[in-house]
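What follows is a set of notes on a single structure, which appears directly below.
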Amino acid sequence: KEEAAKPPEVTPVVAEQYGLGQHPALSDMIQLMDLPSTYLPETGKHRSSGRLIIVGDVHGMKEELQALLDKVKFDKKHDHLILAGDMISKGPDSPGVVDLAMELGATGIRGNHEDRIILADADMKTKHMDTGSPGPSEEKDKKEDSLEEESFSHGDYKDRALVKALGHKRIKWLKECPVILRVGKLGSMGEVVVVHAGLAPGVKLEKQDPVLVMNMRTIGKHGVPSDGRDGTKWRKVSYPCSQYICDCYANVTQVWNKFQKKLPKHDRTTVIYGHDSKQGLQVEKYSIGVDTGCHRGGKLTAVVIEGGPSDHTHKIVHVKCKAA
């Protein structure tokens, strides 16, 4: 029996080869933010009790968010809340979710739904619009949004209505949410990063395309990230590959975790993300997906990170949700 040919060794793509996709409308988007080190859970014998509570897509489900915080016994004085994008829209109380986040001093991540509302707000200001009513070509009883999972520059009437409901103060807070949050080094987890949708592997955080970070679900066979579902799940590709390698070895891609394990320990990264409720909870060594479809009657999920005697630990906590 002939031994199968091994794929040639491939050098991961460097950041400069990837190219930033510029955001179409706003220049004040925060691409990357570092979480203040004072929020990081401590290790050691005399450590404080502070924890990080990282929650998946809330989508306006304030009651469920409060229930989840109650379940983990969230303590505003010691714990820090991070919301992994798509805090708003779909559910019944988007303003309430933002109010609670602001009240608790939470750090929010800019997801595709925050992005579209911010873009709709900017467009309304440009066109001097002050209405949440349907436009002349929009159906009054429209329930589905054909651009539901995309960022775009004009918005539809539901977005305009949500802009109005949120108001200036809440939208200002949403604008201050970064696309990428670099949490910091947390022991065996390595560098912890929180984004909404995903990262292009092998690309520096500063060089990531912000639109794809908020929207991507897969990486196509030519190494191009996409918000579609037909490619390879982004976490299962070790780096954006060349056309030749992907065409010949599309089924030989290494998982994200294997790629991380090949790196020196101090260079490894754990990514916590949401965005893809159809995949549900996805827990791997260096990637944790926490969108568990709360607004559809699923669960709302948190990753709870705390310090230990010598290393950090993390666990997954859920609460059940009523369909919006």
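Residues are named by chain letter and number: chains run A, B, ... in the order of the structure tokens, numbers start at 1 in each chain, and ligands are numbered from 1 in the order shown.
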Write out as a Markdown table a residue-level contact list of range 31-119 of chain A versus range 193-202 of chain A with cut-off 7 Å: for each qualifying residue the closest pair of atoms and the distance in Å to one decimal, counting only C-alpha atoms, rows sorted by chain and residue number upward.
| residue | atom | partner | partner_atom | distance |
| --- | --- | --- | --- | --- |
| A:Ala84 | CA | A:His196 | CA | 5.3 |
| A:Gly85 | CA | A:His196 | CA | 5.1 |
| A:Ile109 | CA | A:Val195 | CA | 6.5 |
| A:Arg110 | CA | A:His196 | CA | 6.9 |
| A:Gly111 | CA | A:His196 | CA | 5.2 |
Could you save those same residues with N, CA and C atoms as a compact mmCIF listing (two decimals), in the first residue's frame?
# COMPACT_ATOMS: atom_id res chain seq x y z
N ALA A 84 -19.67 39.86 24.65
CA ALA A 84 -18.95 39.54 23.41
C ALA A 84 -19.71 39.93 22.14
N GLY A 85 -20.33 41.10 22.13
CA GLY A 85 -20.98 41.60 20.93
C GLY A 85 -22.40 41.11 20.74
N ILE A 109 -18.10 44.43 23.41
CA ILE A 109 -17.41 44.21 22.14
C ILE A 109 -18.34 44.64 21.01
N ARG A 110 -17.81 45.27 20.00
CA ARG A 110 -18.62 45.69 18.86
C ARG A 110 -18.88 44.49 17.94
N GLY A 111 -20.14 44.05 17.91
CA GLY A 111 -20.54 42.98 17.02
C GLY A 111 -21.21 43.54 15.78
Quiz item: Contacts of Lys169 in chain A at 10 Å or less, counting only C-alpha atoms, minus same-chain residues fewer than 3 places along, as a list in words?
Solution: Val98, Asp99, Leu166, Lys172, Trp173 and Leu174 of chain A
Quiz item: So which bits of range 41-182 of chain A end up helix (DSSP H, G or I) when you DSSP the backbone, as number ranges by chain?
Solution: A: 62-71, 94-103, 112-126, 157-175
Would you write out, as JSON lines, a table of all residues in range 73-117 of chain A that have an atom no more than 12 Å from an atom of range 289-293 of chain A, listing for each the closest atom pair and the distance in Å to one decimal, considering only C-alpha atoms and ordering rows by chain and rising residue number?
{"residue": "A:Leu83", "atom": "CA", "partner": "A:Val290", "partner_atom": "CA", "distance": 10.5}
{"residue": "A:Ala84", "atom": "CA", "partner": "A:Val290", "partner_atom": "CA", "distance": 8.5}
{"residue": "A:Gly85", "atom": "CA", "partner": "A:Asp291", "partner_atom": "CA", "distance": 9.8}
{"residue": "A:Asp86", "atom": "CA", "partner": "A:Asp291", "partner_atom": "CA", "distance": 9.7}
{"residue": "A:Met87", "atom": "CA", "partner": "A:Asp291", "partner_atom": "CA", "distance": 11.2}
{"residue": "A:Lys90", "atom": "CA", "partner": "A:Gly293", "partner_atom": "CA", "distance": 11.2}
{"residue": "A:Gly91", "atom": "CA", "partner": "A:Gly293", "partner_atom": "CA", "distance": 11.2}
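Residues in contact with range 33-38 of chain A at up to 6 Å, not including ones fewer than 2 positions away on its chain and judged by only C-alpha atoms, are Leu40, Pro178, Leu181, Arg182 and Val183 of chain A.
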Just all heavy atoms for this one: save the residues we selected as a PDB file, in the first residue's frame.
ATOM      1  N   LEU A  40      -7.795  41.868  35.719  1.00  0.00           N
ATOM      2  CA  LEU A  40      -7.367  40.492  35.530  1.00  0.00           C
ATOM      3  C   LEU A  40      -7.407  39.719  36.853  1.00  0.00           C
ATOM      4  O   LEU A  40      -6.918  40.210  37.878  1.00  0.00           O
ATOM      5  CB  LEU A  40      -5.957  40.436  34.949  1.00  0.00           C
ATOM      6  CG  LEU A  40      -5.757  41.078  33.576  1.00  0.00           C
ATOM      7  CD1 LEU A  40      -4.340  40.831  33.087  1.00  0.00           C
ATOM      8  CD2 LEU A  40      -6.772  40.562  32.577  1.00  0.00           C
ATOM      9  N   PRO A 178     -14.725  48.216  21.583  1.00  0.00           N
ATOM     10  CA  PRO A 178     -13.733  47.829  20.572  1.00  0.00           C
ATOM     11  C   PRO A 178     -14.194  46.630  19.748  1.00  0.00           C
ATOM     12  O   PRO A 178     -15.038  45.842  20.185  1.00  0.00           O
ATOM     13  CB  PRO A 178     -12.518  47.463  21.417  1.00  0.00           C
ATOM     14  CG  PRO A 178     -13.118  46.921  22.680  1.00  0.00           C
ATOM     15  CD  PRO A 178     -14.337  47.776  22.929  1.00  0.00           C
ATOM     16  N   LEU A 181     -10.897  42.919  21.841  1.00  0.00           N
ATOM     17  CA  LEU A 181     -10.457  43.204  23.207  1.00  0.00           C
ATOM     18  C   LEU A 181      -9.338  42.232  23.571  1.00  0.00           C
ATOM     19  O   LEU A 181      -9.549  41.016  23.650  1.00  0.00           O
ATOM     20  CB  LEU A 181     -11.614  43.051  24.193  1.00  0.00           C
ATOM     21  CG  LEU A 181     -11.242  43.303  25.664  1.00  0.00           C
ATOM     22  CD1 LEU A 181     -10.898  44.776  25.885  1.00  0.00           C
ATOM     23  CD2 LEU A 181     -12.373  42.872  26.600  1.00  0.00           C
ATOM     24  N   ARG A 182      -8.165  42.786  23.792  1.00  0.00           N
ATOM     25  CA  ARG A 182      -7.048  41.969  24.256  1.00  0.00           C
ATOM     26  C   ARG A 182      -7.093  41.973  25.777  1.00  0.00           C
ATOM     27  O   ARG A 182      -6.778  42.977  26.419  1.00  0.00           O
ATOM     28  CB  ARG A 182      -5.721  42.519  23.722  1.00  0.00           C
ATOM     29  CG  ARG A 182      -4.514  41.693  24.091  1.00  0.00           C
ATOM     30  CD  ARG A 182      -3.317  42.020  23.205  1.00  0.00           C
ATOM     31  NE  ARG A 182      -3.107  43.458  23.101  1.00  0.00           N
ATOM     32  CZ  ARG A 182      -2.393  44.043  22.124  1.00  0.00           C
ATOM     33  NH1 ARG A 182      -1.846  43.321  21.173  1.00  0.00           N
ATOM     34  NH2 ARG A 182      -2.238  45.349  22.099  1.00  0.00           N
ATOM     35  N   VAL A 183      -7.497  40.850  26.345  1.00  0.00           N
ATOM     36  CA  VAL A 183      -7.702  40.762  27.789  1.00  0.00           C
ATOM     37  C   VAL A 183      -6.372  40.733  28.523  1.00  0.00           C
ATOM     38  O   VAL A 183      -6.177  41.425  29.524  1.00  0.00           O
ATOM     39  CB  VAL A 183      -8.547  39.519  28.138  1.00  0.00           C
ATOM     40  CG1 VAL A 183      -8.622  39.314  29.645  1.00  0.00           C
ATOM     41  CG2 VAL A 183      -9.948  39.658  27.546  1.00  0.00           C
TER      42      VAL A 183
END
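Using only C-alpha atoms, the protein and nucleic acid residues lying no more than 8 Å from Ile117 in chain A, apart from those fewer than 6 places from it along its own chain, are Gly155, Asp159, Arg160, Leu162 and Val163 of chain A.
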Exercise. Compile the contact shell of Ile53 in chain A as an MDAnalysis selection string: residues with an atom at most 10 Å away, counting only C-alpha atoms, same-chain residues fewer than 3 positions apart removed.
Key: chainID A and resid 50 68:69 72 74 79:83 106 301:306 314:317
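The gap separating CA of Glu176 in chain A from CA of Lys73 in chain A is 26.9 Å, in Å to one decimal.
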Self-check item: Long-range neighbours of His266 in chain A as a PyMOL selection string, 10 Å cut-off, only C-alpha atoms, 2 positions minimum in chain
Solution: chain A and resi 185+187-191+263-264+268-269
Writing out the chosen residues with C-alpha atoms as a short mmCIF file (atom, residue, chain, number, x, y, z; two decimals), in the first residue's frame:
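Listing of result_36.cif after writing:
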data_model
loop_
_atom_site.label_atom_id
_atom_site.label_comp_id
_atom_site.auth_asym_id
_atom_site.auth_seq_id
_atom_site.Cartn_x
_atom_site.Cartn_y
_atom_site.Cartn_z
CA LYS A 185 -2.03 36.82 29.70
CA GLY A 187 -1.67 31.43 32.62
CA SER A 188 -2.27 28.26 30.62
CA MET A 189 -4.93 30.03 28.53
CA GLY A 190 -2.16 32.16 27.07
CA GLU A 191 -3.16 35.54 25.69
CA LEU A 263 3.82 28.05 19.14
CA PRO A 264 5.95 28.85 22.18
CA ARG A 268 -0.42 31.11 22.40
CA THR A 269 -3.86 32.73 22.23
#
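Between CA of Asp311 in chain A and CA of Asp75 in chain A there is a distance of 21.5 Å.
One distance worth recording is that between CA of Leu65 in chain A and CA of Pro41 in chain A, which is 21.7 Å.
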Quiz item: Hey, what's within 6 Å of range 285-288 of chain A if we count only C-alpha atoms and toss same-chain stuff fewer than 3 positions away? As number ranges by chain, please?
Solution: A: 257, 270-272, 282
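Considering only C-alpha atoms, the residue among A:Val283, A:Leu205, A:Val319, A:Val97 positioned nearest to Asp70 in chain A is A:Val319.
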